[in-house]
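Trainee: I'd like to ask some things about the structure below.
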Amino acid sequence: MAALLGLVLVGAGIAFGVLAVKDTVHLVDTARPFNSGEQRTFSFTQGRTRSIYVSQSAPGHVDCRVPRALADSVTQPSGTFRVTLGARSWERVFEFTPKTTGDYPVLCTSDLPSADFALGDKPQVRGMAVGMVSAVGCFLTAALAVPAICIVTAIRRGRHRRRLMAPPMPPTWGPPPL
């Protein structure tokens, strides 16, 4: 029973960890990157905050523009966020919240000619943290519960075995044996 519980908890921990990492890695649409100076049209949904990520060999100045009909401004996020996929690192440089739904062009430039840009979702750090804490919680629960179950089972079996091996006790009712 303890082994089965341990396997279930470890499996759940692995699943939580994999899902948290997978969701984080898939924030960036690496299937549709665009080069510096290239204008690309994307579909946007009103109110769904989008992020622009850059992959470049060294730090450089980047700038991105979207039509005013899509968003009033493109802002730099308050914190840094970087995702590494294979040999490429994607860093979140801008974000904006579309005020309308539709297809709009995005134009980004960089000082470095080898820079690539990609559109993605705003990172959900809280969701990733919950997934990782859940994974660690499952692993810790397995590490504590499995040995505890084994120890309790061993103690109870030992006591039961001693009870079975003890000489029979005379009945406590009636007159004592002669």
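Just so we're on the same page: first chain in the structure tokens is A, next is B, and so on; residues restart at 1 for each chain, and ligands are numbered from 1 in the order they show up.
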Run DSSP on the backbone and grab whatever in range 6-166 of chain A lands in strand (DSSP E or B); send it over as a ChimeraX atom specification.
Mentor: /A:28,34-35,39-44,50-55,62-65,75,82-85,88-96,102-110,116-121
Trainee: Excluding same-chain residues fewer than 4 positions from Ser57 in chain A, what lies within 9 Å of it counting only C-alpha atoms, as a ChimeraX atom specification?
Mentor: /A:88-89,112,114-115
Trainee: Write out as a count of residues only each polymer residue whose atoms come within 8 Å of Leu5 in chain A, counting only C-alpha atoms; drop sequence neighbours fewer than 3 positions from it.
Mentor: 6
Trainee: Env of range 91-107 of chain A: 6 Å cut, atoms = only C-alpha atoms, seq-sep filter 5 positions within chain, self excluded. Answer as a list in words.
Mentor: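 In the requested form, the answer reads Gln39, Arg40, Thr41, Phe42, Ser43, Phe44, Thr45, Gln46, Gly47, Arg48, Thr49, Arg50, Ser51, Ile52, Tyr53, Val54, Cys64, Arg65, Val66, Leu70, Ala71, Val74, Thr75, Gln76, Pro77, Phe81 and Arg82 of chain A.
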Trainee: From the options A:Leu164, A:Leu140, A:Ala154, A:Ala58, which residue's atoms come nearest to Val10 in chain A, counting only C-alpha atoms?
Mentor: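 Closest residue, counting only C-alpha atoms: A:Leu140.
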Trainee: Just to confirm, what's the straight-line distance from CA of Ser78 in chain A to CA of Gln124 in chain A in Å (one decimal)?
Mentor: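 So the two atoms, CA of Ser78 in chain A and CA of Gln124 in chain A, lie 13.7 Å apart.
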Trainee: As an exercise, work out the distance from CA of Leu19 in chain A to CA of Asp116 in chain A in Å and give it to one decimal place.
Mentor: 26.6 Å
Trainee: Apply DSSP to the backbone of this structure and, from range 87-159 of chain A, keep only the residues in helix (DSSP H, G or I); write these as a PyMOL selection string.
Mentor: chain A and resi 125-159
Trainee: One decimal, Å: what's the distance from CA of His61 in chain A over to CA of Gly79 in chain A, could you say?
Mentor: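 Taking CA of His61 in chain A and CA of Gly79 in chain A, their separation equals 16.9 Å.
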